[in-house]
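Below is one structure, written out as structure tokens; comments come after it.
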Amino acid sequence: MTLSFWRYAHLALALFSSLFLILASATGTILAVDAMQEKTLPYRAENFDKITLEEALTVLKKNYSEITTISIDHNQFVTLQAIDEEGNDVNAYIDPKTGKKLGTPLKKSEFIQWVTGFHRSLFLHETGRFFVGVISFLLVLIAISGFALVLNRQRGIRNFFAKVVKEYFAQYYHVVLGRLALIPILIIALTGTYLSLEKFNFFMDKKDQEKVKVVKAVISKEEKETSVFKHTLLADVKQIEFPFTDDPEEYYIIELKDREIEVNQVTGAIVGKKLSPMTAQFSDLSLDLHTGRANGIWAFVLAIASINILFFIYSGFAITLKRRSSRIKNKFKANESEFILLVGSENGSSLRFANAVHKQLIDQGKKAFITELNSYTAFSKAEHLIVFSSTHGLGDAPSNGNKFISLLKKYPQQQKITYSVVGFGSNAYPDFCGFAFEIDKQLENQNWAERLLDVQTINDKSAVEFVNWIRLWSAKMEIPLSTTPSLYNHVPKGLQKLMVLDKTLISETEQTFLITLRANMRAKFTSGDLLAIYPANDSRERLYSIGSHSGNIQLVVKLHPHGLGSSFLNALVPGNTIKARIINNKAFHFPKKVPQAAFISNGTGIAPFLGMIEQNKTRTETHLYSGFRMETETVSGYKKFTAEMIQKQKLHSFHLALSRENEHFYVMDLIKRDADFFINLLQKGGVIMICGSLAMQQDVEAILDQLCLERNVRNLSEYKKNGQLLSDCY
């Protein structure tokens with residue numbers, strides 16, 4: 001079935017049952033805690049599981065002149081109803097090994113009775129029990145649909161417990177905790193459904209309802225000759241009714257978990273046996289599993305699962321609201337719209353700009369339709385096509401646009417259409433807006449397409465530059481759209497303040513500096529995470545790899561001419577504060593429990609590795625390969641640092657490549673030189689981490705792939721899938 005089916009089914013079931021689930025989960029948590037608390041009461045005898053009926057009955061007959069019944073509850077507390085030697089009635093918990101009274105059975109507190117009644121029927125009697133049963137069944141369906149969604153997300157059952165990419169809090173823990181709580185929640189839901197159906201006699205016909213324990217069984221020869229008292233444990237008994245007199249014709253009636261037997265009080269032989277119906281046994285088992293009454297650890301698991309259900313309701317709706325806030329919304333259908341807006345976006349920023357244009361076109365009375373590039377098809381009424389696309393990697397398509405070129409060839413339009421392409425990217429990269437230019441080129445070759453405007457490029461999500469395109473497009477189309485940049489600006493909420501502690505010039509020649517920032521005490525980060533800053537107080541975001549040092553954030557920054565982020569950071573002085581957000585980059589953290597690790601970097605990409613090396617408390621064998629242009633103060637500082645780390649056994653070796661010295665080397669030359677080391681590292685389960693420029697990453701991966709082919713080992717892509725090749729390059 002499709003992803004959308006499971007997603008909508010999961011959401012619809014949750015919406016319908018959320019209120020009842022909140023009430024049931026909250027009360028279920030309280031009852032599970034009460035079940036755990038019962039286990040702490042001092043009414044259970046030591047080594048209870050080893051006490052036989054013969055031992056218990058011998059002791060109790062000596063201590064009590066007349067015994068009516070003995071009951072053993074789910075806590076294995078033994079309750080005695082008898083008359084003592086002084087003629088007093090006895091109703092007490094007793095120790096079956098000594099006959100000593102341990103306490104008096106008490107009713108549950110009024111609060112627990114109230115919670116129990118509410119949990120079972122919402123105080124609506126049979127109607128309430130019916131609703132609770134329905135909600136339990138819906139919880140089964142919710143768990144199944146959630147399981148299907150996780151399978152789809154993780155790409156199959158084999159990857160069910162594989163690492164989950166953390167996009168944001170609600171999404172991450174909804175999946176992670178959902179996997180862990182799946183089995184307990186299914187058990188809660190299935191047993192709750194069964195108990196509700198059983199209350200309505202769903203599993204018995206009218207004849208069975210009139211006689212529950214009348215299934216007589218044949219007594220074997222062994223049972224007739226063997227003493228039940230010697231071979232039956234008290235732990236297997238639910239209740240014992242004592243004979244009124246010593247007359248051998250009067251028997252013990254002993255209720256076990258699966259049958260009721262009549263036992264000769266002299267010989268202990270079974271003289272009558274009635275089997276309990278399977279429905280009664282299932283009912284007891286379901287009650288044990290649903291309430292946790294029989295086991296304190298299981299009661300604790302149920303309490304955690306109930307709390308998780310409450311969290312899933314919160315996180316599920318948070319995910320839905322977030323998805324709805326950024327989803328594509330259309331008033332008109334594709335086949336009736338004159339304006340078609342196609343969006344290619346990796347992280348949603350291009351979609352935000354496109355949505356703003358789409359909304360204004362609708363407000364202007366135009367029929368407009370917006371969709372992803374990968375949803376391109378024939379648009380029968382289209383007159384104008386607007387493409388908004390970012391570029392991923394080195395000129396590649398974003399994930400929701402990687403099929404567009406092939407779809408463009410597959411679905412030629414049947415009428416003339418004007419088009420305009422808007423590209424989003426950063427001019428810091430050589431392939432700035434590369435995919436947008438490729439789209440424009442492909443559209444130019446279509447005989448039905450007519451270019452309205454040249455490709456307009458937007459650097460760093462600049463609202464000002466986007467407004468320039470708005471002006472050009474509005475003038476051509478004679479449709480007035482807003483030219484106010486603030487309409488298209490977007491600064492994320494929830495930024496935290498960071499204080500500048502220190503800023504040190506590392507190299508005057510290379511204009512490189514190190515800046516140290518202090519985050520608040522609750523902030524969690526480690527080397528390899530990312531710091532996102534917003535220098536112009538708009539949507540333009542700058543990312544820097546974090547090096548963690550003594551609980552502070554360290555960034556190594558190269559000042560670029562007219563660089564928005566580097567100029568902003570360079571202007572800071574100790575004592576200044578900035579607003580930023582820390583992005584958990586778990587995929588680029590120092591790997592745990594690996595035999596070896598090799599770090600490869602160029603330029604300021606060395607920053608996170610310096611922090612990782614300093615944090616290498618386990619002294620994992622680590623090797624650092626770094627490339628720079630020439631010997632500078634920066635490089636001298638790194639040499640000094642790495643020498644100290646080698647002395648402290650936190651770093652095994654440091655290999656330096658200088659590309660503009662007399663004996664010039666590149667990092668790639670060092671990798672070729674140490675080919676045996678890298679191949680051996682991969683084969684032994686070691687990890688290679690790359691940080692720096694995208695061009696360097698591609699060169700390094702090309703060489704490693706070539707080495708793998710030459711040495712007849714696994715393909716580099718397999719090591720990537722195995723998590724042995726990690727990169728964080730820009």
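Each chain in the structure tokens gets a letter, A, B and so on, in the order shown; residues start at 1 in every chain, and ligands are counted from 1 in the order they appear.
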*Within 12 Å of Lys441 of chain A, counting only C-alpha atoms, which residues show up once you throw out same-chain ones fewer than 6 positions away? Write them as a list of chain:residue names, please.*
A:Ile405, A:Leu408, A:Tyr419, A:Ser420, A:Val421, A:Gly434, A:Phe435, A:Ala449, A:Glu450, A:Arg451, A:Asp454, A:Val455
*If you run DSSP over the backbone, which residues in segment 392-640 of chain A end up helix (DSSP H, G or I)? Put them as a PyMOL selection string.*
chain A and resi 404-410+434-444+463-477+485-487+564-570+586-588+603-614+633-640
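Excluding Ser220 of chain A itself and any same-chain residue fewer than 3 positions from it, the protein and nucleic acid residues within 12 Å of it, counting only C-alpha atoms, are Ala217, Glu223, Lys224, Glu225, Thr226, Ala269, Ile270, Val271, Gly272 and Lys273 of chain A.
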*Which of segment 509-651 of chain A DSSP labels strand (DSSP E or B), written as a ChimeraX atom specification*: /A:512-518,530-533,542-545,547-549,552-558,577-583,596-602,621-628
*Restricting the calculation to only C-alpha atoms, which member of A:Ser380, A:Thr291, A:Asn584, A:Ser315 is positioned closest to Ala303 of chain A?*
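Looking only at the distances to Ala303 of chain A, the closest residue turns out to be A:Thr291.
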Residues of segment 168-261 of chain A that approach segment 116-134 of chain A to 9 Å or less, counting only C-alpha atoms: could you list each one with the shortest pair of atoms and its distance in Å to one decimal, rows by chain and increasing residue number, as CSV?
residue,atom,partner,partner_atom,distance
A:Ala189,CA,A:Gly133,CA,9.0
A:Gly192,CA,A:Gly133,CA,6.6
A:Thr193,CA,A:Gly133,CA,5.0
A:Tyr194,CA,A:Gly133,CA,7.9
A:Leu195,CA,A:Gly133,CA,7.9
A:Ser196,CA,A:Gly133,CA,5.0
A:Leu197,CA,A:Gly133,CA,7.0
A:Lys199,CA,A:Arg129,CA,8.3
A:Phe200,CA,A:Glu126,CA,8.5
_Spatial neighbours of Trp448 of chain A, max dist 7 Å, only C-alpha atoms, sep filter under 3 positions, as a PyMOL selection string_ = chain A and resi 413+415-417
*How many Å separate atom CA of Thr267 of chain A from atom CA of Lys230 of chain A?*
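For atom CA of Thr267 of chain A relative to atom CA of Lys230 of chain A, the distance reads 10.4 Å.
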*Considering only C-alpha atoms, return as a PyMOL selection string whatever protein or nucleic-acid residues lie within 12 Å of Leu15 of chain A, sequence-local ones (same chain, fewer than 5 positions apart) excluded.*
chain A and resi 8-10+20-22+135+138-139+142+312-314+316-317+320
Dump all heavy atoms for the selected residues as a compact mmCIF listing (two decimals), in the first residue's frame?
# COMPACT_ATOMS: atom_id res chain seq x y z
N TYR A 8 -2.32 8.78 6.12
CA TYR A 8 -3.66 9.32 6.38
C TYR A 8 -4.45 8.41 7.32
O TYR A 8 -5.23 8.88 8.15
CB TYR A 8 -4.41 9.53 5.07
CG TYR A 8 -3.94 10.75 4.30
CD1 TYR A 8 -3.46 10.64 3.00
CD2 TYR A 8 -3.96 12.02 4.89
CE1 TYR A 8 -3.02 11.75 2.30
CE2 TYR A 8 -3.50 13.13 4.20
CZ TYR A 8 -3.04 12.99 2.91
OH TYR A 8 -2.59 14.09 2.24
N ALA A 9 -4.27 7.10 7.18
CA ALA A 9 -4.94 6.17 8.08
C ALA A 9 -4.47 6.38 9.52
O ALA A 9 -5.27 6.44 10.46
CB ALA A 9 -4.67 4.73 7.64
N HIS A 10 -3.16 6.50 9.68
CA HIS A 10 -2.57 6.72 11.00
C HIS A 10 -3.10 8.01 11.62
O HIS A 10 -3.48 8.05 12.79
CB HIS A 10 -1.04 6.78 10.85
CG HIS A 10 -0.28 6.70 12.13
ND1 HIS A 10 -0.25 5.56 12.90
CD2 HIS A 10 0.47 7.63 12.79
CE1 HIS A 10 0.49 5.77 13.96
NE2 HIS A 10 0.94 7.02 13.93
N PHE A 20 -10.03 9.98 23.88
CA PHE A 20 -10.19 8.76 24.67
C PHE A 20 -8.84 8.16 25.02
O PHE A 20 -8.65 7.64 26.12
CB PHE A 20 -11.03 7.75 23.89
CG PHE A 20 -12.47 8.15 23.73
CD1 PHE A 20 -12.93 8.64 22.53
CD2 PHE A 20 -13.36 8.04 24.79
CE1 PHE A 20 -14.26 9.01 22.38
CE2 PHE A 20 -14.69 8.40 24.64
CZ PHE A 20 -15.15 8.90 23.44
N LEU A 21 -7.89 8.22 24.08
CA LEU A 21 -6.56 7.66 24.35
C LEU A 21 -5.85 8.44 25.44
O LEU A 21 -5.13 7.86 26.27
CB LEU A 21 -5.72 7.66 23.07
CG LEU A 21 -6.01 6.54 22.07
CD1 LEU A 21 -5.14 6.71 20.83
CD2 LEU A 21 -5.76 5.18 22.70
N ILE A 22 -6.02 9.75 25.45
CA ILE A 22 -5.42 10.57 26.51
C ILE A 22 -5.95 10.14 27.87
O ILE A 22 -5.20 9.93 28.83
CB ILE A 22 -5.68 12.07 26.26
CG1 ILE A 22 -4.87 12.56 25.06
CG2 ILE A 22 -5.33 12.90 27.49
CD1 ILE A 22 -5.23 13.96 24.60
N ILE A 135 -11.95 1.93 21.24
CA ILE A 135 -10.70 2.70 21.27
C ILE A 135 -9.50 1.77 21.36
O ILE A 135 -8.46 2.01 20.74
CB ILE A 135 -10.72 3.70 22.45
CG1 ILE A 135 -11.82 4.72 22.27
CG2 ILE A 135 -9.37 4.39 22.59
CD1 ILE A 135 -11.78 5.48 20.95
N LEU A 138 -8.93 0.54 17.94
CA LEU A 138 -8.33 1.59 17.12
C LEU A 138 -6.85 1.74 17.43
O LEU A 138 -6.05 2.03 16.54
CB LEU A 138 -9.06 2.92 17.34
CG LEU A 138 -10.50 3.01 16.81
CD1 LEU A 138 -11.07 4.40 17.07
CD2 LEU A 138 -10.55 2.71 15.33
N LEU A 139 -6.49 1.53 18.71
CA LEU A 139 -5.08 1.61 19.08
C LEU A 139 -4.28 0.50 18.40
O LEU A 139 -3.12 0.70 18.02
CB LEU A 139 -4.92 1.52 20.60
CG LEU A 139 -3.51 1.69 21.16
CD1 LEU A 139 -2.89 3.02 20.73
CD2 LEU A 139 -3.51 1.58 22.69
N ILE A 142 -3.76 1.82 14.98
CA ILE A 142 -2.78 2.91 15.01
C ILE A 142 -1.36 2.33 15.09
O ILE A 142 -0.44 2.79 14.39
CB ILE A 142 -3.04 3.85 16.21
CG1 ILE A 142 -4.32 4.66 15.97
CG2 ILE A 142 -1.87 4.80 16.43
CD1 ILE A 142 -4.79 5.43 17.19
N PHE A 312 3.18 10.30 22.13
CA PHE A 312 2.92 10.10 20.70
C PHE A 312 1.78 10.98 20.21
O PHE A 312 1.80 11.45 19.07
CB PHE A 312 2.59 8.62 20.41
CG PHE A 312 3.73 7.68 20.68
CD1 PHE A 312 3.50 6.40 21.14
CD2 PHE A 312 5.04 8.08 20.49
CE1 PHE A 312 4.55 5.53 21.40
CE2 PHE A 312 6.10 7.22 20.74
CZ PHE A 312 5.85 5.95 21.19
N ILE A 313 0.79 11.19 21.07
CA ILE A 313 -0.32 12.06 20.68
C ILE A 313 0.20 13.48 20.46
O ILE A 313 -0.10 14.13 19.46
CB ILE A 313 -1.43 12.05 21.76
CG1 ILE A 313 -2.07 10.66 21.81
CG2 ILE A 313 -2.49 13.12 21.47
CD1 ILE A 313 -3.01 10.45 22.98
N TYR A 314 1.04 13.95 21.42
CA TYR A 314 1.63 15.30 21.27
C TYR A 314 2.52 15.37 20.03
O TYR A 314 2.36 16.25 19.17
CB TYR A 314 2.43 15.67 22.52
CG TYR A 314 3.57 16.62 22.22
CD1 TYR A 314 3.32 17.96 21.93
CD2 TYR A 314 4.89 16.16 22.17
CE1 TYR A 314 4.36 18.82 21.62
CE2 TYR A 314 5.92 17.01 21.86
CZ TYR A 314 5.65 18.34 21.58
OH TYR A 314 6.68 19.19 21.25
N GLY A 316 2.82 13.39 17.45
CA GLY A 316 2.14 13.12 16.19
C GLY A 316 1.44 14.36 15.65
O GLY A 316 1.54 14.68 14.46
N PHE A 317 0.75 15.07 16.53
CA PHE A 317 0.07 16.30 16.09
C PHE A 317 1.09 17.39 15.77
O PHE A 317 0.87 18.20 14.86
CB PHE A 317 -0.92 16.77 17.15
CG PHE A 317 -2.17 15.94 17.21
CD1 PHE A 317 -2.64 15.43 18.41
CD2 PHE A 317 -2.86 15.63 16.06
CE1 PHE A 317 -3.78 14.65 18.46
CE2 PHE A 317 -4.01 14.84 16.09
CZ PHE A 317 -4.46 14.34 17.30
N THR A 320 2.24 16.65 12.34
CA THR A 320 1.19 16.98 11.37
C THR A 320 1.10 18.48 11.13
O THR A 320 1.02 18.94 9.99
CB THR A 320 -0.16 16.45 11.88
OG1 THR A 320 -0.08 15.04 12.04
CG2 THR A 320 -1.27 16.77 10.88
*Quick one: distance from atom CA of Asp236 of chain A to atom CA of Leu57 of chain A in Å, one decimal?*
14.6 Å
Distance query segment 357-370 of chain A at most 12 Å, only C-alpha atoms, self and fewer than 6 positions along chain excluded, as a PDB file with C-alpha atoms, in the first residue's frame:
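Saved result, part_20.pdb, follows:
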ATOM      1  CA  ARG A 327       3.040  21.541   2.629  1.00  0.00           C
ATOM      2  CA  ILE A 328       1.900  22.432  -0.839  1.00  0.00           C
ATOM      3  CA  LYS A 329      -1.677  23.732  -0.761  1.00  0.00           C
ATOM      4  CA  ASN A 330      -3.746  24.115  -3.897  1.00  0.00           C
ATOM      5  CA  LYS A 331      -7.118  25.724  -4.449  1.00  0.00           C
ATOM      6  CA  PHE A 332      -7.293  24.738  -8.099  1.00  0.00           C
ATOM      7  CA  LYS A 333      -6.500  21.495  -9.888  1.00  0.00           C
ATOM      8  CA  ALA A 334      -3.567  21.157 -12.259  1.00  0.00           C
ATOM      9  CA  ASN A 335      -5.733  20.597 -15.344  1.00  0.00           C
ATOM     10  CA  GLU A 336      -7.682  23.845 -14.804  1.00  0.00           C
ATOM     11  CA  SER A 337      -4.807  26.204 -13.913  1.00  0.00           C
ATOM     12  CA  GLU A 338      -3.135  28.730 -16.220  1.00  0.00           C
ATOM     13  CA  PHE A 339      -0.142  29.264 -13.905  1.00  0.00           C
ATOM     14  CA  ILE A 340       1.950  26.221 -12.957  1.00  0.00           C
ATOM     15  CA  LEU A 341       4.600  26.700 -10.247  1.00  0.00           C
ATOM     16  CA  LEU A 342       7.181  23.897 -10.023  1.00  0.00           C
ATOM     17  CA  VAL A 343       9.417  23.694  -6.955  1.00  0.00           C
ATOM     18  CA  GLY A 344      12.683  21.884  -6.333  1.00  0.00           C
ATOM     19  CA  SER A 350      12.591  27.474  -2.176  1.00  0.00           C
ATOM     20  CA  LEU A 351       9.089  26.228  -1.416  1.00  0.00           C
ATOM     21  CA  TYR A 376       5.680  17.375 -13.533  1.00  0.00           C
ATOM     22  CA  PHE A 379      -0.860  20.566 -17.969  1.00  0.00           C
ATOM     23  CA  LYS A 381      -4.737  24.597 -19.508  1.00  0.00           C
ATOM     24  CA  ALA A 382      -1.280  25.946 -18.608  1.00  0.00           C
ATOM     25  CA  GLU A 383      -0.139  29.229 -20.132  1.00  0.00           C
ATOM     26  CA  HIS A 384       2.725  30.175 -17.846  1.00  0.00           C
ATOM     27  CA  LEU A 385       5.335  27.986 -16.115  1.00  0.00           C
ATOM     28  CA  ILE A 386       7.449  29.247 -13.201  1.00  0.00           C
ATOM     29  CA  VAL A 387      10.247  27.049 -11.881  1.00  0.00           C
ATOM     30  CA  PHE A 388      11.824  27.659  -8.454  1.00  0.00           C
ATOM     31  CA  PHE A 466      14.096  37.715  -5.099  1.00  0.00           C
ATOM     32  CA  VAL A 467      12.198  41.008  -5.205  1.00  0.00           C
ATOM     33  CA  TRP A 469      12.883  38.954 -10.075  1.00  0.00           C
ATOM     34  CA  ILE A 470       9.385  39.811  -8.801  1.00  0.00           C
ATOM     35  CA  TRP A 473       8.195  39.155 -13.858  1.00  0.00           C
ATOM     36  CA  SER A 474       5.364  41.477 -12.731  1.00  0.00           C
ATOM     37  CA  MET A 477       3.044  39.743 -17.011  1.00  0.00           C
ATOM     38  CA  GLU A 478       1.354  42.970 -15.866  1.00  0.00           C
ATOM     39  CA  ILE A 479       0.403  41.276 -12.605  1.00  0.00           C
ATOM     40  CA  PRO A 480       1.269  43.372  -9.521  1.00  0.00           C
ATOM     41  CA  LEU A 481       3.024  41.233  -6.904  1.00  0.00           C
ATOM     42  CA  SER A 482       4.428  42.561  -3.635  1.00  0.00           C
ATOM     43  CA  THR A 483       7.957  43.993  -3.794  1.00  0.00           C
ATOM     44  CA  LEU A 487       7.170  39.413   2.919  1.00  0.00           C
ATOM     45  CA  TYR A 488       9.723  36.861   1.708  1.00  0.00           C
TER      46      TYR A 488
END
*Record the distance separating atom CA of Leu495 of chain A and atom CA of Ile533 of chain A, expressed in Å with one decimal.*
9.1 Å
Neighbours of Thr391 of chain A within 10 Å (only C-alpha atoms; same-chain residues fewer than 4 positions away dropped), as a tab-separated table (two decimals) with N, CA and C atoms, in the first residue's frame?
chain	number	residue	atom	x	y	z
A	344	GLY	N	11.66	22.85	-6.72
A	344	GLY	CA	12.68	21.88	-6.33
A	344	GLY	C	13.40	22.42	-5.11
A	345	SER	N	13.28	21.71	-3.98
A	345	SER	CA	13.83	22.24	-2.72
A	345	SER	C	14.33	21.11	-1.85
A	346	GLU	N	15.51	21.25	-1.31
A	346	GLU	CA	16.09	20.23	-0.45
A	346	GLU	C	15.64	20.39	0.99
A	395	GLY	N	26.05	21.08	-8.39
A	395	GLY	CA	25.21	21.25	-9.57
A	395	GLY	C	24.14	20.20	-9.75
A	396	ASP	N	23.88	19.39	-8.73
A	396	ASP	CA	22.90	18.32	-8.85
A	396	ASP	C	21.49	18.81	-8.50
A	397	ALA	N	20.51	17.98	-8.85
A	397	ALA	CA	19.11	18.30	-8.55
A	397	ALA	C	18.82	18.03	-7.08
A	398	PRO	N	17.89	18.81	-6.48
A	398	PRO	CA	17.43	18.47	-5.12
A	398	PRO	C	16.66	17.16	-5.17
A	399	SER	N	16.42	16.55	-4.01
A	399	SER	CA	15.82	15.22	-3.98
A	399	SER	C	14.43	15.17	-4.60
A	401	GLY	N	13.51	16.83	-7.17
A	401	GLY	CA	13.59	17.29	-8.55
A	401	GLY	C	14.47	16.42	-9.42
A	423	GLY	N	16.61	30.42	-9.75
A	423	GLY	CA	17.54	29.50	-9.09
A	423	GLY	C	17.96	30.00	-7.73
A	424	PHE	N	18.03	29.10	-6.76
A	424	PHE	CA	18.45	29.44	-5.39
A	424	PHE	C	19.74	28.70	-5.08
A	425	GLY	N	20.68	29.41	-4.45
A	425	GLY	CA	21.95	28.78	-4.09
A	425	GLY	C	22.86	29.75	-3.38
A	426	SER	N	24.14	29.44	-3.41
A	426	SER	CA	25.15	30.31	-2.80
A	426	SER	C	26.28	30.49	-3.80
A	431	ASP	N	29.42	25.85	-8.72
A	431	ASP	CA	28.23	25.46	-9.49
A	431	ASP	C	27.00	26.20	-8.98
A	432	PHE	N	27.14	27.48	-8.75
A	432	PHE	CA	26.06	28.31	-8.23
A	432	PHE	C	24.82	28.19	-9.12
A	433	CYS	N	23.71	27.71	-8.51
A	433	CYS	CA	22.44	27.55	-9.23
A	433	CYS	C	22.58	26.69	-10.49
A	434	GLY	N	23.48	25.73	-10.45
A	434	GLY	CA	23.76	24.90	-11.62
A	434	GLY	C	22.54	24.16	-12.14
A	435	PHE	N	21.73	23.63	-11.24
A	435	PHE	CA	20.57	22.86	-11.70
A	435	PHE	C	19.51	23.76	-12.32
A	436	ALA	N	19.38	25.00	-11.82
A	436	ALA	CA	18.42	25.95	-12.42
A	436	ALA	C	18.81	26.25	-13.86
A	437	PHE	N	20.11	26.42	-14.11
A	437	PHE	CA	20.57	26.67	-15.48
A	437	PHE	C	20.33	25.45	-16.38
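Residue nearest Ser136 of chain A, chosen from A:Phe111, A:Gly551, A:Leu186, A:Phe590 and counting only C-alpha atoms: A:Leu186.
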_Nearest candidate to Thr516 of chain A (options A:Val556, A:Ile458, A:Ala695, A:Leu190; using only C-alpha atoms)_ =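 Of the candidates, the smallest distance to Thr516 of chain A is held by A:Val556.
Between Val700 of chain A and the residues A:Ala280, A:Cys729, A:Ile600, A:Met630, the shortest atom-to-atom distance, using only C-alpha atoms, involves A:Ile600.
Between Thr29 of chain A and the residues A:Ala587, A:Leu310, A:Met645, A:Leu624, the shortest atom-to-atom distance, using only C-alpha atoms, involves A:Leu310.
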_When you count only C-alpha atoms, which of these residues is closest to Ser653 of chain A: A:Ile613, A:Val635, A:Ile304, A:Ala35?_
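Checking each of A:Ile613, A:Val635, A:Ile304, A:Ala35 against Ser653 of chain A, counting only C-alpha atoms, the winner is A:Ile613.
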